[in-house]
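S.K.: Take a look at the following structure, please.
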Amino acid sequence: MESINQRPAEKVSNNYWKKVVAIFFVGWILMYATRTIFNPIMGVIGEQFNLSNTQLGLANSIFFLTYAIAQIPFGIVGDKIGRKLVIAIGFVLLAVTTYFSGLATSFVLFLVIRAVAGIGQGAYYGPQYALSTEAIPDNKRTVGNAIINSGMAFGTSGGYLLSSKLVLDNGDHWSKPFFIMAIPTLILGILFYTVLKEKVIRPEDEEKVVKEEGPKEKISLKQIFSNRNLVAAFILCFTSIYANFVIITWLPQFLIAERGFEGAIVGFIASLVPWASIPGALIFARLNDKTGATKKLVYFLVPLATLSVFAIAFVTDRTILIAVLILYGLTGKLALDPIVVTFVTKNAPAGALGTTLSAYNFIGMSGSILAPYVTGFLADSLGSMQVGFYLSCVLLLIGLGIFAVLAKENEKETVK
């Protein structure tokens, strides 16, 4: 089959990148909303199926296990047969499995369906960022990625609020949020295939493309994983995502079980993190585009994120809790991610951007596999979720230390 590198590129207008940013922004809204509708109602589902915290954590871990495993294969397939086709197929699969999640009559069946849903989501990350990186002008890349990433915040909040309102406040069956989210997910899957262009020539690159066209050297995974800058980014991503998914998965239940919140207010308080992340991501992305000082921004953001995660579990005063949730939103994973993604794209081997980004997300999302289960296990073993939050703080500091040692600022390693 003809690879995408052999297909002719299409010239696009100066405004095409805005369309790409908009549709991928909506994509992340639905990616995260279809995940987080589960979290506020974990207790309700747990009661129906008689589950422990460890088993509830397993439901999220299984989802992210298949999501992570699917990353690299879908990245490779997307680089060969077409990124937009892979994304569209993944979203249609996600829509179907989201709907069937609400029909599950046993916990085992629910796990199987969520595992397949994870595979559907696994088709998105690498191909999406490869397409957006090729479409967004170089001087707007980090800001463009930050806008796309902010869809994660809207989706996280939307998922929390939807299931909190329908199930916790209105008393509807827990399946209703799953049925609702399946519809826009299916529609967007079709739009991805009809709206996106597979291979583009930006106006700024028209002369450059003529000079650069030609056969490209085949890149192996070994070459990607031997790049110090990429390895540093991969490890930092793992620790950042681990902490983020401790919060995304367990914060609503933590607020209910250990801080006494009830009803839709749980979704509102938990939504402070994603809402605060939007200005944080845009501000720090703009700074990164202007200065290129990736390491300095990492040194600023990660310690503050670590402090805020510790405080979320430690403080009991509600006003202070709200303040540290906002602080984590401003400095946590969603603020850090566009900076590190841009760092990865600058260091990725030519011709293997989708594969590199999929490898980055595969390593990072391994944290999302471990965080729900480990935190649930610790809660069952020790009687509190606090230790799970503290463990994520330790991992953040380890990730920061490794990044400081391995990463080299403004120095792209040559892949040989």
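Letters A, B, ... mark the chains of the structure tokens in the order given; residue numbers begin at 1 per chain; ligand numbers begin at 1, in order shown.
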Contacts of Phe154 (chain A) at 10 Å or less, counting only C-alpha atoms, minus same-chain residues fewer than 4 places along, as number ranges by chain?
M.R.: A: 25-26, 28-30, 32-33, 149-150, 158-160, 271, 274-275, 277-278
S.K.: Could you dump the residues just selected with C-alpha atoms as a PDB file, in the first residue's frame?
M.R.:
```pdb
ATOM      1  CA  PHE A  25      -9.874  21.009  20.242  1.00  0.00           C
ATOM      2  CA  VAL A  26     -13.359  19.471  20.010  1.00  0.00           C
ATOM      3  CA  TRP A  28     -10.038  16.403  23.034  1.00  0.00           C
ATOM      4  CA  ILE A  29     -13.283  17.613  24.621  1.00  0.00           C
ATOM      5  CA  LEU A  30     -14.948  14.342  23.639  1.00  0.00           C
ATOM      6  CA  TYR A  32     -11.841  13.469  28.021  1.00  0.00           C
ATOM      7  CA  ALA A  33     -15.601  13.723  28.516  1.00  0.00           C
ATOM      8  CA  ASN A 149      -4.914  20.765  24.686  1.00  0.00           C
ATOM      9  CA  SER A 150      -7.422  23.026  26.415  1.00  0.00           C
ATOM     10  CA  GLY A 158     -17.978  18.620  31.040  1.00  0.00           C
ATOM     11  CA  GLY A 159     -17.754  14.940  31.926  1.00  0.00           C
ATOM     12  CA  TYR A 160     -17.696  15.695  35.651  1.00  0.00           C
ATOM     13  CA  SER A 271     -13.817  21.197  37.547  1.00  0.00           C
ATOM     14  CA  PRO A 274      -9.395  21.924  34.253  1.00  0.00           C
ATOM     15  CA  TRP A 275     -10.834  25.461  34.141  1.00  0.00           C
ATOM     16  CA  SER A 277      -5.527  24.989  33.348  1.00  0.00           C
ATOM     17  CA  ILE A 278      -6.814  26.906  30.325  1.00  0.00           C
TER      18      ILE A 278
END
```
S.K.: Between A:Gly267, A:Gly354, A:Pro203, A:Pro252, which residue has the minimum interatomic distance to Ala130 (chain A), considering only C-alpha atoms?
M.R.: A:Gly354
S.K.: Please measure the separation of CA of Val200 (chain A) and CA of Ala70 (chain A), giving the value in Å to one decimal.
M.R.: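 It comes out at 25.7 Å.
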S.K.: Any idea what's packed within 12 Å of Val108 (chain A), counting only C-alpha atoms, ignoring anything in its chain fewer than 4 positions away? Could you give it as a PyMOL selection string?
M.R.: chain A and resi 49+51+55-56+58-59+62+101+104+112-115
S.K.: Dump N, CA and C atoms for the selected residues as a PDB file, in the first residue's frame?
M.R.:
```
ATOM      1  N   PHE A  49     -22.494  -3.006  41.459  1.00  0.00           N
ATOM      2  CA  PHE A  49     -21.747  -4.240  41.198  1.00  0.00           C
ATOM      3  C   PHE A  49     -20.969  -4.730  42.422  1.00  0.00           C
ATOM      4  N   LEU A  51     -18.402  -3.313  44.380  1.00  0.00           N
ATOM      5  CA  LEU A  51     -16.977  -3.217  44.069  1.00  0.00           C
ATOM      6  C   LEU A  51     -16.204  -2.494  45.165  1.00  0.00           C
ATOM      7  N   GLN A  55     -11.081  -2.333  42.741  1.00  0.00           N
ATOM      8  CA  GLN A  55     -11.774  -2.756  41.526  1.00  0.00           C
ATOM      9  C   GLN A  55     -12.236  -1.563  40.695  1.00  0.00           C
ATOM     10  N   LEU A  56     -12.688  -0.504  41.363  1.00  0.00           N
ATOM     11  CA  LEU A  56     -13.074   0.708  40.640  1.00  0.00           C
ATOM     12  C   LEU A  56     -11.871   1.325  39.940  1.00  0.00           C
ATOM     13  N   LEU A  58      -9.361  -0.340  38.901  1.00  0.00           N
ATOM     14  CA  LEU A  58      -9.048  -1.256  37.806  1.00  0.00           C
ATOM     15  C   LEU A  58      -9.829  -0.906  36.542  1.00  0.00           C
ATOM     16  N   ALA A  59     -11.066  -0.448  36.703  1.00  0.00           N
ATOM     17  CA  ALA A  59     -11.882  -0.083  35.541  1.00  0.00           C
ATOM     18  C   ALA A  59     -11.212   1.019  34.732  1.00  0.00           C
ATOM     19  N   ILE A  62      -7.684  -0.514  33.234  1.00  0.00           N
ATOM     20  CA  ILE A  62      -7.874  -1.356  32.047  1.00  0.00           C
ATOM     21  C   ILE A  62      -8.072  -0.489  30.809  1.00  0.00           C
ATOM     22  N   SER A 101     -21.096   0.821  26.849  1.00  0.00           N
ATOM     23  CA  SER A 101     -20.700   0.863  28.263  1.00  0.00           C
ATOM     24  C   SER A 101     -21.923   1.020  29.155  1.00  0.00           C
ATOM     25  N   ALA A 104     -23.865  -2.333  29.910  1.00  0.00           N
ATOM     26  CA  ALA A 104     -23.201  -3.438  30.610  1.00  0.00           C
ATOM     27  C   ALA A 104     -24.040  -3.915  31.792  1.00  0.00           C
ATOM     28  N   VAL A 112     -14.565  -5.162  29.820  1.00  0.00           N
ATOM     29  CA  VAL A 112     -14.238  -5.533  28.437  1.00  0.00           C
ATOM     30  C   VAL A 112     -14.590  -4.397  27.480  1.00  0.00           C
ATOM     31  N   ILE A 113     -15.771  -3.825  27.659  1.00  0.00           N
ATOM     32  CA  ILE A 113     -16.205  -2.736  26.776  1.00  0.00           C
ATOM     33  C   ILE A 113     -15.307  -1.517  26.944  1.00  0.00           C
ATOM     34  N   ARG A 114     -14.950  -1.176  28.189  1.00  0.00           N
ATOM     35  CA  ARG A 114     -14.069  -0.025  28.419  1.00  0.00           C
ATOM     36  C   ARG A 114     -12.670  -0.279  27.864  1.00  0.00           C
ATOM     37  N   ALA A 115     -12.232  -1.537  27.874  1.00  0.00           N
ATOM     38  CA  ALA A 115     -10.936  -1.868  27.289  1.00  0.00           C
ATOM     39  C   ALA A 115     -10.940  -1.606  25.784  1.00  0.00           C
TER      40      ALA A 115
END
```
S.K.: Going by DSSP on the backbone, which residues of region 85-194 of chain A come out as alpha helix (DSSP H)? List them as a ChimeraX atom specification.
M.R.: /A:85-101,107-121,125-135,141-163,176-194
S.K.: Can I get the selected residues back with C-alpha atoms, as a CSV table (one decimal), in the first residue's frame?
M.R.:
```csv
chain,number,residue,atom,x,y,z
A,85,LEU,CA,-8.3,7.6,8.5
A,86,VAL,CA,-6.9,6.2,11.7
A,87,ILE,CA,-8.4,9.0,13.8
A,88,ALA,CA,-11.8,8.6,12.2
A,89,ILE,CA,-11.9,4.8,12.7
A,90,GLY,CA,-10.8,5.3,16.3
A,91,PHE,CA,-13.6,7.8,17.0
A,92,VAL,CA,-16.3,5.6,15.5
A,93,LEU,CA,-15.1,2.7,17.7
A,94,LEU,CA,-15.1,5.0,20.7
A,95,ALA,CA,-18.7,6.1,20.0
A,96,VAL,CA,-19.9,2.6,19.8
A,97,THR,CA,-18.2,1.4,22.9
A,98,THR,CA,-19.2,4.4,24.9
A,99,TYR,CA,-22.8,3.6,24.1
A,100,PHE,CA,-22.4,-0.1,25.0
A,101,SER,CA,-20.7,0.9,28.3
A,107,PHE,CA,-18.6,-5.6,36.0
A,108,VAL,CA,-16.6,-8.0,33.8
A,109,LEU,CA,-18.6,-6.9,30.7
A,110,PHE,CA,-18.1,-3.3,31.6
A,111,LEU,CA,-14.3,-3.9,31.9
A,112,VAL,CA,-14.2,-5.5,28.4
A,113,ILE,CA,-16.2,-2.7,26.8
A,114,ARG,CA,-14.1,0.0,28.4
A,115,ALA,CA,-10.9,-1.9,27.3
A,116,VAL,CA,-12.1,-1.7,23.7
A,117,ALA,CA,-13.0,2.0,24.2
A,118,GLY,CA,-9.4,2.5,25.2
A,119,ILE,CA,-8.2,1.0,21.9
A,120,GLY,CA,-10.5,3.5,20.1
A,121,GLN,CA,-9.0,6.4,22.0
A,125,TYR,CA,-3.0,11.2,20.1
A,126,GLY,CA,0.0,10.5,17.7
A,127,PRO,CA,-1.8,11.0,14.4
A,128,GLN,CA,-3.6,14.1,15.8
A,129,TYR,CA,-0.4,15.9,16.9
A,130,ALA,CA,1.4,14.9,13.7
A,131,LEU,CA,-1.4,16.5,11.6
A,132,SER,CA,-1.6,19.6,13.7
A,133,THR,CA,2.2,20.0,13.9
A,134,GLU,CA,2.4,19.9,10.1
A,135,ALA,CA,-0.5,22.4,9.7
A,141,ARG,CA,3.0,25.9,17.3
A,142,THR,CA,3.0,25.9,21.2
A,143,VAL,CA,0.0,28.2,21.4
A,144,GLY,CA,-1.8,26.1,18.8
A,145,ASN,CA,-1.0,23.0,20.8
A,146,ALA,CA,-2.1,24.7,24.0
A,147,ILE,CA,-5.5,25.6,22.4
A,148,ILE,CA,-5.9,22.0,21.3
A,149,ASN,CA,-4.9,20.8,24.7
A,150,SER,CA,-7.4,23.0,26.4
A,151,GLY,CA,-10.1,20.8,25.0
A,152,MET,CA,-8.9,18.3,27.6
A,153,ALA,CA,-10.0,20.8,30.3
A,154,PHE,CA,-13.4,21.4,28.8
A,155,GLY,CA,-13.9,17.7,28.4
A,156,THR,CA,-12.8,16.9,31.9
A,157,SER,CA,-15.1,19.5,33.4
A,158,GLY,CA,-18.0,18.6,31.0
A,159,GLY,CA,-17.8,14.9,31.9
A,160,TYR,CA,-17.7,15.7,35.7
A,161,LEU,CA,-20.6,18.1,35.5
A,162,LEU,CA,-22.8,15.9,33.1
A,163,SER,CA,-22.7,12.8,35.2
A,176,LYS,CA,-27.4,7.9,30.8
A,177,PRO,CA,-24.2,10.0,30.5
A,178,PHE,CA,-22.6,7.2,28.4
A,179,PHE,CA,-25.6,7.2,26.0
A,180,ILE,CA,-25.5,11.0,25.6
A,181,MET,CA,-21.7,11.2,24.9
A,182,ALA,CA,-21.8,8.5,22.2
A,183,ILE,CA,-23.8,10.7,19.8
A,184,PRO,CA,-21.4,13.7,19.3
A,185,THR,CA,-18.4,11.3,19.3
A,186,LEU,CA,-19.8,9.5,16.3
A,187,ILE,CA,-20.5,12.7,14.5
A,188,LEU,CA,-17.0,14.0,15.1
A,189,GLY,CA,-15.5,10.8,13.8
A,190,ILE,CA,-17.2,11.3,10.5
A,191,LEU,CA,-16.1,15.0,10.4
A,192,PHE,CA,-12.5,14.1,11.0
A,193,TYR,CA,-12.4,12.2,7.7
A,194,THR,CA,-14.3,14.8,5.7
```
S.K.: Of the candidates A:Asp337, A:Glu198, A:Glu258, A:Asp317, which one gets nearest to Ser384 (chain A) if we count only C-alpha atoms?
M.R.: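 The answer is A:Glu258, which sits nearest to Ser384 (chain A).
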S.K.: May I have the residues within 12 Å of Met42 (chain A) as a ChimeraX atom specification, using only C-alpha atoms and disregarding those fewer than 2 positions away in the same chain?
M.R.: /A:35-40,44-60,107,160,163-164,167-168,174-175,249-254,256-257,372,376
S.K.: Could you save those same residues with N, CA and C atoms as a CSV table (one decimal), in the first residue's frame?
M.R.:
```csv
chain,number,residue,atom,x,y,z
A,35,ARG,N,-14.2,9.9,29.1
A,35,ARG,CA,-13.4,9.2,30.2
A,35,ARG,C,-14.0,9.6,31.5
A,36,THR,N,-14.2,10.9,31.7
A,36,THR,CA,-14.5,11.4,33.1
A,36,THR,C,-16.0,11.4,33.5
A,37,ILE,N,-16.9,11.0,32.6
A,37,ILE,CA,-18.2,10.8,33.0
A,37,ILE,C,-18.3,9.6,34.0
A,38,PHE,N,-17.3,8.8,34.0
A,38,PHE,CA,-17.3,7.6,34.9
A,38,PHE,C,-16.9,8.0,36.3
A,39,ASN,N,-16.0,9.0,36.5
A,39,ASN,CA,-15.4,9.2,37.8
A,39,ASN,C,-16.3,9.7,38.9
A,40,PRO,N,-17.2,10.7,38.6
A,40,PRO,CA,-18.1,11.1,39.8
A,40,PRO,C,-19.1,10.1,40.2
A,44,VAL,N,-21.6,5.0,42.7
A,44,VAL,CA,-22.9,4.5,42.3
A,44,VAL,C,-22.7,3.1,41.5
A,45,ILE,N,-21.8,3.1,40.6
A,45,ILE,CA,-21.5,1.9,39.9
A,45,ILE,C,-20.9,0.8,40.8
A,46,GLY,N,-20.1,1.3,41.8
A,46,GLY,CA,-19.5,0.4,42.7
A,46,GLY,C,-20.6,-0.3,43.6
A,47,GLU,N,-21.6,0.5,44.0
A,47,GLU,CA,-22.7,-0.1,44.8
A,47,GLU,C,-23.5,-1.1,44.0
A,48,GLN,N,-23.7,-0.8,42.7
A,48,GLN,CA,-24.5,-1.7,41.9
A,48,GLN,C,-23.8,-3.1,41.7
A,49,PHE,N,-22.5,-3.0,41.5
A,49,PHE,CA,-21.7,-4.2,41.2
A,49,PHE,C,-21.0,-4.7,42.4
A,50,ASN,N,-21.2,-4.1,43.6
A,50,ASN,CA,-20.5,-4.5,44.8
A,50,ASN,C,-19.0,-4.5,44.7
A,51,LEU,N,-18.4,-3.3,44.4
A,51,LEU,CA,-17.0,-3.2,44.1
A,51,LEU,C,-16.2,-2.5,45.2
A,52,SER,N,-14.9,-2.9,45.3
A,52,SER,CA,-14.0,-2.1,46.2
A,52,SER,C,-13.4,-1.0,45.4
A,53,ASN,N,-12.6,-0.1,46.2
A,53,ASN,CA,-11.9,1.0,45.5
A,53,ASN,C,-10.9,0.4,44.5
A,54,THR,N,-10.2,-0.7,44.9
A,54,THR,CA,-9.2,-1.3,44.0
A,54,THR,C,-9.9,-1.7,42.7
A,55,GLN,N,-11.1,-2.3,42.7
A,55,GLN,CA,-11.8,-2.8,41.5
A,55,GLN,C,-12.2,-1.6,40.7
A,56,LEU,N,-12.7,-0.5,41.4
A,56,LEU,CA,-13.1,0.7,40.6
A,56,LEU,C,-11.9,1.3,39.9
A,57,GLY,N,-10.7,1.3,40.6
A,57,GLY,CA,-9.5,1.8,40.0
A,57,GLY,C,-9.1,1.0,38.8
A,58,LEU,N,-9.4,-0.3,38.9
A,58,LEU,CA,-9.0,-1.3,37.8
A,58,LEU,C,-9.8,-0.9,36.5
A,59,ALA,N,-11.1,-0.4,36.7
A,59,ALA,CA,-11.9,-0.1,35.5
A,59,ALA,C,-11.2,1.0,34.7
A,60,ASN,N,-10.6,2.0,35.4
A,60,ASN,CA,-9.9,3.0,34.7
A,60,ASN,C,-8.6,2.5,34.2
A,107,PHE,N,-19.9,-6.3,35.9
A,107,PHE,CA,-18.6,-5.6,36.0
A,107,PHE,C,-17.6,-6.1,35.0
A,160,TYR,N,-17.4,15.6,34.2
A,160,TYR,CA,-17.7,15.7,35.7
A,160,TYR,C,-19.1,16.2,35.9
A,163,SER,N,-22.3,13.9,34.4
A,163,SER,CA,-22.7,12.8,35.2
A,163,SER,C,-23.0,13.2,36.7
A,164,SER,N,-22.4,14.2,37.2
A,164,SER,CA,-22.8,14.7,38.6
A,164,SER,C,-24.2,15.2,38.6
A,167,VAL,N,-26.8,12.0,37.4
A,167,VAL,CA,-26.9,10.9,38.3
A,167,VAL,C,-26.9,11.2,39.8
A,168,LEU,N,-26.0,12.1,40.2
A,168,LEU,CA,-25.9,12.4,41.7
A,168,LEU,C,-27.0,13.4,42.1
A,174,TRP,N,-27.0,5.4,36.0
A,174,TRP,CA,-25.6,5.8,35.6
A,174,TRP,C,-25.3,5.6,34.1
A,175,SER,N,-26.1,4.9,33.4
A,175,SER,CA,-25.8,4.7,32.0
A,175,SER,C,-26.1,5.9,31.1
A,249,THR,N,-9.0,10.8,38.3
A,249,THR,CA,-9.8,9.6,38.6
A,249,THR,C,-10.4,9.7,40.0
A,250,TRP,N,-9.6,10.2,41.0
A,250,TRP,CA,-10.0,10.0,42.4
A,250,TRP,C,-10.4,11.3,43.1
A,251,LEU,N,-10.2,12.4,42.5
A,251,LEU,CA,-10.6,13.7,43.2
A,251,LEU,C,-12.1,13.7,43.5
A,252,PRO,N,-13.0,13.4,42.6
A,252,PRO,CA,-14.4,13.4,42.9
A,252,PRO,C,-14.7,12.5,44.1
A,253,GLN,N,-14.2,11.3,44.1
A,253,GLN,CA,-14.5,10.3,45.2
A,253,GLN,C,-13.8,10.8,46.5
A,254,PHE,N,-12.6,11.4,46.4
A,254,PHE,CA,-11.9,11.9,47.5
A,254,PHE,C,-12.7,13.0,48.2
A,256,ILE,N,-16.0,13.4,48.1
A,256,ILE,CA,-17.2,12.9,48.7
A,256,ILE,C,-16.8,12.1,50.0
A,257,ALA,N,-15.8,11.2,49.9
A,257,ALA,CA,-15.5,10.3,51.0
A,257,ALA,C,-14.7,10.9,52.1
A,372,PRO,N,-4.8,5.0,38.7
A,372,PRO,CA,-6.1,4.6,39.3
A,372,PRO,C,-6.0,3.4,40.1
A,376,GLY,N,-6.3,3.3,44.3
A,376,GLY,CA,-7.4,2.6,44.8
A,376,GLY,C,-6.9,1.5,45.8
```
